[in-house]
Amino acid sequence: MESLEMAATEENDSQSRGILFASKDECIYTKCFCEENVWKMCESIRKRIPSELEKCYAVVLSNPNRTIPLWEQIASDDPEDPVVWDYHVIFLHVTDGDGSHVYDLDTRLSFPTSVATYVDKAFLHEDRRLATKYHRYFRVIPAEVYLEKFASDRSHMRTSSGEWQQPPPEYPCIKTDDCNHNLDDFISMEKSVGCGDVYSYTEFVAHFLPDR
């Protein structure tokens with residue numbers, strides 16, 4: 001009983017500080033399934049702290065070439081080298097003042113990380129310092145919309161012979177009443193496609209770090 005009471009106290013303390021997940025261990029994680037990991041984080045908030053859901057977002061990073069560099073990723077053998085993903089998805093919790101945080105289950109940075117720190121260390125360079133093919137775009141989707149609209153049959157993680165490139169999550173595929181797979185709509189950075197709002201790097205920083 002005492003350990004349960006301590007766990008409840010620690011959770012309440014984290015929430016009072018605006019922290020939705022105190023550690024990665026609280027999250028469902030499957031390597032190379034970032035889009036589903038973030039969906040599960042949104043689902044957790046809807047169940048545990050529904051009042052915070054309207055402040056939460058799934059943020060898909062990609063570009064037309066599907067070549068986006070991110071630093072401080074666990075997948076990199078050298079912390080100073082970026083990983084160039086075809087896309088990546090992070091969880092964003094937006095609050096007043098300096099309390100907004102990024103929750104990235106694939107980063108070496110702290111969990112969570114302030115938006116300012118994530119921009120400085122995970123993005124590292126402004127897009128104007130990178131080749132055009134590496135410019136990053138951001139599709140920012142309200143968590144509630146992501147929960148309602150996202151679907152994946154995981155076909156993108158199979159080889160041409162049908163083998164898994166990485167072991168899939170143990171839970172069933174995420175689908176909606178009328179769709180089994182729409183991941184490409186979320187990865188697309190065309191503003192006329194899919195859900196949410198699409199930002200360039202400069203627009204994203206200006207919107208979520210307005211004091212810079």
# chains A, B, ... in the order shown; residues from 1 in each chain; ligands from 1
>>> select_by_dssp(residues="region 58-167 of chain A", states="alpha helix (DSSP H)", output="PDB file with all heavy atoms, in the first residue's frame")
ATOM      1  N   VAL A 115      10.981  22.871 -25.193  1.00  0.00           N
ATOM      2  CA  VAL A 115      10.961  23.121 -26.634  1.00  0.00           C
ATOM      3  C   VAL A 115      12.228  23.855 -27.060  1.00  0.00           C
ATOM      4  O   VAL A 115      12.835  23.532 -28.092  1.00  0.00           O
ATOM      5  CB  VAL A 115       9.704  23.919 -27.028  1.00  0.00           C
ATOM      6  CG1 VAL A 115       9.764  24.316 -28.502  1.00  0.00           C
ATOM      7  CG2 VAL A 115       8.447  23.107 -26.769  1.00  0.00           C
ATOM      8  N   ALA A 116      12.661  24.828 -26.274  1.00  0.00           N
ATOM      9  CA  ALA A 116      13.854  25.606 -26.612  1.00  0.00           C
ATOM     10  C   ALA A 116      15.086  24.711 -26.703  1.00  0.00           C
ATOM     11  O   ALA A 116      15.890  24.826 -27.643  1.00  0.00           O
ATOM     12  CB  ALA A 116      14.070  26.707 -25.578  1.00  0.00           C
ATOM     13  N   THR A 117      15.250  23.814 -25.732  1.00  0.00           N
ATOM     14  CA  THR A 117      16.406  22.915 -25.737  1.00  0.00           C
ATOM     15  C   THR A 117      16.338  21.943 -26.902  1.00  0.00           C
ATOM     16  O   THR A 117      17.347  21.652 -27.555  1.00  0.00           O
ATOM     17  CB  THR A 117      16.489  22.136 -24.406  1.00  0.00           C
ATOM     18  OG1 THR A 117      16.662  23.064 -23.335  1.00  0.00           O
ATOM     19  CG2 THR A 117      17.654  21.155 -24.411  1.00  0.00           C
ATOM     20  N   TYR A 118      15.153  21.452 -27.183  1.00  0.00           N
ATOM     21  CA  TYR A 118      15.009  20.514 -28.296  1.00  0.00           C
ATOM     22  C   TYR A 118      15.360  21.193 -29.620  1.00  0.00           C
ATOM     23  O   TYR A 118      16.069  20.619 -30.459  1.00  0.00           O
ATOM     24  CB  TYR A 118      13.589  19.959 -28.340  1.00  0.00           C
ATOM     25  CG  TYR A 118      13.464  18.720 -29.194  1.00  0.00           C
ATOM     26  CD1 TYR A 118      13.715  17.455 -28.670  1.00  0.00           C
ATOM     27  CD2 TYR A 118      13.096  18.810 -30.538  1.00  0.00           C
ATOM     28  CE1 TYR A 118      13.606  16.311 -29.457  1.00  0.00           C
ATOM     29  CE2 TYR A 118      12.993  17.680 -31.334  1.00  0.00           C
ATOM     30  CZ  TYR A 118      13.250  16.433 -30.786  1.00  0.00           C
ATOM     31  OH  TYR A 118      13.153  15.310 -31.579  1.00  0.00           O
ATOM     32  N   ALA A 143      -3.805  16.482 -30.526  1.00  0.00           N
ATOM     33  CA  ALA A 143      -3.805  15.089 -30.081  1.00  0.00           C
ATOM     34  C   ALA A 143      -5.144  14.405 -30.308  1.00  0.00           C
ATOM     35  O   ALA A 143      -5.204  13.244 -30.735  1.00  0.00           O
ATOM     36  CB  ALA A 143      -3.419  15.023 -28.605  1.00  0.00           C
ATOM     37  N   GLU A 144      -6.216  15.113 -30.041  1.00  0.00           N
ATOM     38  CA  GLU A 144      -7.547  14.521 -30.198  1.00  0.00           C
ATOM     39  C   GLU A 144      -7.817  14.158 -31.654  1.00  0.00           C
ATOM     40  O   GLU A 144      -8.411  13.109 -31.950  1.00  0.00           O
ATOM     41  CB  GLU A 144      -8.615  15.487 -29.682  1.00  0.00           C
ATOM     42  CG  GLU A 144      -9.996  14.875 -29.581  1.00  0.00           C
ATOM     43  CD  GLU A 144     -10.976  15.736 -28.802  1.00  0.00           C
ATOM     44  OE1 GLU A 144     -10.578  16.825 -28.339  1.00  0.00           O
ATOM     45  OE2 GLU A 144     -12.129  15.307 -28.669  1.00  0.00           O
ATOM     46  N   VAL A 145      -7.361  14.999 -32.569  1.00  0.00           N
ATOM     47  CA  VAL A 145      -7.527  14.729 -33.999  1.00  0.00           C
ATOM     48  C   VAL A 145      -6.666  13.542 -34.409  1.00  0.00           C
ATOM     49  O   VAL A 145      -7.092  12.676 -35.187  1.00  0.00           O
ATOM     50  CB  VAL A 145      -7.169  15.973 -34.835  1.00  0.00           C
ATOM     51  CG1 VAL A 145      -7.200  15.659 -36.332  1.00  0.00           C
ATOM     52  CG2 VAL A 145      -8.100  17.122 -34.509  1.00  0.00           C
ATOM     53  N   TYR A 146      -5.447  13.494 -33.891  1.00  0.00           N
ATOM     54  CA  TYR A 146      -4.542  12.379 -34.201  1.00  0.00           C
ATOM     55  C   TYR A 146      -5.147  11.051 -33.753  1.00  0.00           C
ATOM     56  O   TYR A 146      -5.103  10.052 -34.479  1.00  0.00           O
ATOM     57  CB  TYR A 146      -3.212  12.628 -33.513  1.00  0.00           C
ATOM     58  CG  TYR A 146      -2.060  11.771 -34.011  1.00  0.00           C
ATOM     59  CD1 TYR A 146      -1.662  11.796 -35.341  1.00  0.00           C
ATOM     60  CD2 TYR A 146      -1.352  10.941 -33.139  1.00  0.00           C
ATOM     61  CE1 TYR A 146      -0.604  11.026 -35.804  1.00  0.00           C
ATOM     62  CE2 TYR A 146      -0.285  10.165 -33.585  1.00  0.00           C
ATOM     63  CZ  TYR A 146       0.077  10.216 -34.914  1.00  0.00           C
ATOM     64  OH  TYR A 146       1.132   9.446 -35.365  1.00  0.00           O
ATOM     65  N   LEU A 147      -5.727  11.044 -32.569  1.00  0.00           N
ATOM     66  CA  LEU A 147      -6.366   9.831 -32.056  1.00  0.00           C
ATOM     67  C   LEU A 147      -7.541   9.409 -32.933  1.00  0.00           C
ATOM     68  O   LEU A 147      -7.794   8.228 -33.138  1.00  0.00           O
ATOM     69  CB  LEU A 147      -6.841  10.055 -30.619  1.00  0.00           C
ATOM     70  CG  LEU A 147      -5.762  10.098 -29.547  1.00  0.00           C
ATOM     71  CD1 LEU A 147      -6.338  10.590 -28.221  1.00  0.00           C
ATOM     72  CD2 LEU A 147      -5.126   8.723 -29.356  1.00  0.00           C
ATOM     73  N   GLU A 148      -8.246  10.382 -33.448  1.00  0.00           N
ATOM     74  CA  GLU A 148      -9.457  10.104 -34.225  1.00  0.00           C
ATOM     75  C   GLU A 148      -9.167   9.726 -35.667  1.00  0.00           C
ATOM     76  O   GLU A 148      -9.868   8.886 -36.251  1.00  0.00           O
ATOM     77  CB  GLU A 148     -10.361  11.343 -34.199  1.00  0.00           C
ATOM     78  CG  GLU A 148     -11.670  11.188 -34.951  1.00  0.00           C
ATOM     79  CD  GLU A 148     -12.493  12.466 -34.914  1.00  0.00           C
ATOM     80  OE1 GLU A 148     -12.384  13.219 -33.933  1.00  0.00           O
ATOM     81  OE2 GLU A 148     -13.251  12.694 -35.874  1.00  0.00           O
ATOM     82  N   LYS A 149      -8.094  10.303 -36.259  1.00  0.00           N
ATOM     83  CA  LYS A 149      -7.895  10.188 -37.700  1.00  0.00           C
ATOM     84  C   LYS A 149      -6.765   9.250 -38.128  1.00  0.00           C
ATOM     85  O   LYS A 149      -6.797   8.700 -39.237  1.00  0.00           O
ATOM     86  CB  LYS A 149      -7.609  11.577 -38.292  1.00  0.00           C
ATOM     87  CG  LYS A 149      -8.742  12.583 -38.110  1.00  0.00           C
ATOM     88  CD  LYS A 149      -9.981  12.192 -38.896  1.00  0.00           C
ATOM     89  CE  LYS A 149     -11.051  13.279 -38.825  1.00  0.00           C
ATOM     90  NZ  LYS A 149     -12.272  12.889 -39.575  1.00  0.00           N
TER      91      LYS A 149
END
>>> atom_distance(atom1="CA of Asn65 (chain A)", atom2="CA of Ser155 (chain A)")
19.9 Å
>>> select_by_dssp(residues="region 3-212 of chain A", states="strand (DSSP E)", output="JSON, numbers by chain")
{"A": [56, 57, 58, 59, 60, 61, 62, 68, 69, 70, 83, 84, 85, 88, 89, 90, 91, 92, 93, 101, 102, 103, 113, 114, 137, 138, 139, 140, 141, 142, 197, 198, 199, 200]}
>>> atom_distance(atom1="CA of Asp86 (chain A)", atom2="CA of Asn37 (chain A)")
16.5 Å
>>> atom_distance(atom1="CA of Asp127 (chain A)", atom2="CA of Tyr201 (chain A)")
6.6 Å
>>> closest_residue(among="A:Asp25, A:Glu43, A:Asp106, A:Asp211", to="Ile74 (chain A)", atoms="only C-alpha atoms")
A:Asp106
>>> residues_around(residues="Lys40 (chain A)", least_positions_apart="5", cutoff="9 Å", atoms="only C-alpha atoms", output="CSV table (one decimal) with all heavy atoms, in the first residue's frame")
chain,number,residue,atom,x,y,z
A,27,CYS,N,5.8,5.0,-20.9
A,27,CYS,CA,5.3,5.0,-22.3
A,27,CYS,C,5.4,3.7,-23.0
A,27,CYS,O,6.3,2.9,-22.7
A,27,CYS,CB,6.0,6.1,-23.1
A,27,CYS,SG,5.9,7.7,-22.4
A,28,ILE,N,4.5,3.4,-23.9
A,28,ILE,CA,4.6,2.2,-24.7
A,28,ILE,C,5.5,2.5,-25.9
A,28,ILE,O,5.3,3.5,-26.6
A,28,ILE,CB,3.2,1.8,-25.2
A,28,ILE,CG1,2.3,1.4,-24.1
A,28,ILE,CG2,3.3,0.7,-26.3
A,28,ILE,CD1,0.9,1.1,-24.4
A,29,TYR,N,6.5,1.7,-26.1
A,29,TYR,CA,7.5,2.0,-27.1
A,29,TYR,C,7.9,0.8,-27.9
A,29,TYR,O,8.1,-0.3,-27.4
A,29,TYR,CB,8.8,2.5,-26.4
A,29,TYR,CG,9.9,2.8,-27.4
A,29,TYR,CD1,10.0,4.0,-28.1
A,29,TYR,CD2,11.0,1.9,-27.6
A,29,TYR,CE1,11.0,4.2,-29.0
A,29,TYR,CE2,12.0,2.1,-28.5
A,29,TYR,CZ,12.0,3.3,-29.2
A,29,TYR,OH,13.0,3.5,-30.1
A,35,GLU,N,5.3,6.9,-35.0
A,35,GLU,CA,4.0,7.4,-35.2
A,35,GLU,C,3.0,6.7,-34.3
A,35,GLU,O,2.1,7.3,-33.7
A,35,GLU,CB,3.5,7.2,-36.7
A,35,GLU,CG,3.4,5.8,-37.2
A,35,GLU,CD,4.7,5.1,-37.5
A,35,GLU,OE1,5.8,5.8,-37.4
A,35,GLU,OE2,4.7,3.9,-37.9
A,45,ILE,N,-2.8,10.1,-22.3
A,45,ILE,CA,-3.2,11.4,-21.7
A,45,ILE,C,-4.8,11.5,-21.7
A,45,ILE,O,-5.4,12.0,-20.8
A,45,ILE,CB,-2.7,12.6,-22.5
A,45,ILE,CG1,-1.1,12.6,-22.4
A,45,ILE,CG2,-3.2,13.9,-22.0
A,45,ILE,CD1,-0.6,12.6,-21.0
A,147,LEU,N,-5.7,11.0,-32.6
A,147,LEU,CA,-6.4,9.8,-32.1
A,147,LEU,C,-7.5,9.4,-32.9
A,147,LEU,O,-7.8,8.2,-33.1
A,147,LEU,CB,-6.8,10.1,-30.6
A,147,LEU,CG,-5.8,10.1,-29.5
A,147,LEU,CD1,-6.3,10.6,-28.2
A,147,LEU,CD2,-5.1,8.7,-29.4
>>> closest_residue(among="A:Glu126, A:Asp184, A:Asp197, A:Asp96", to="Pro210 (chain A)", atoms="only C-alpha atoms")
A:Asp96
>>> closest_residue(among="A:Ala75, A:Met157, A:Val84, A:Val140", to="Lys55 (chain A)", atoms="only C-alpha atoms")
A:Val140
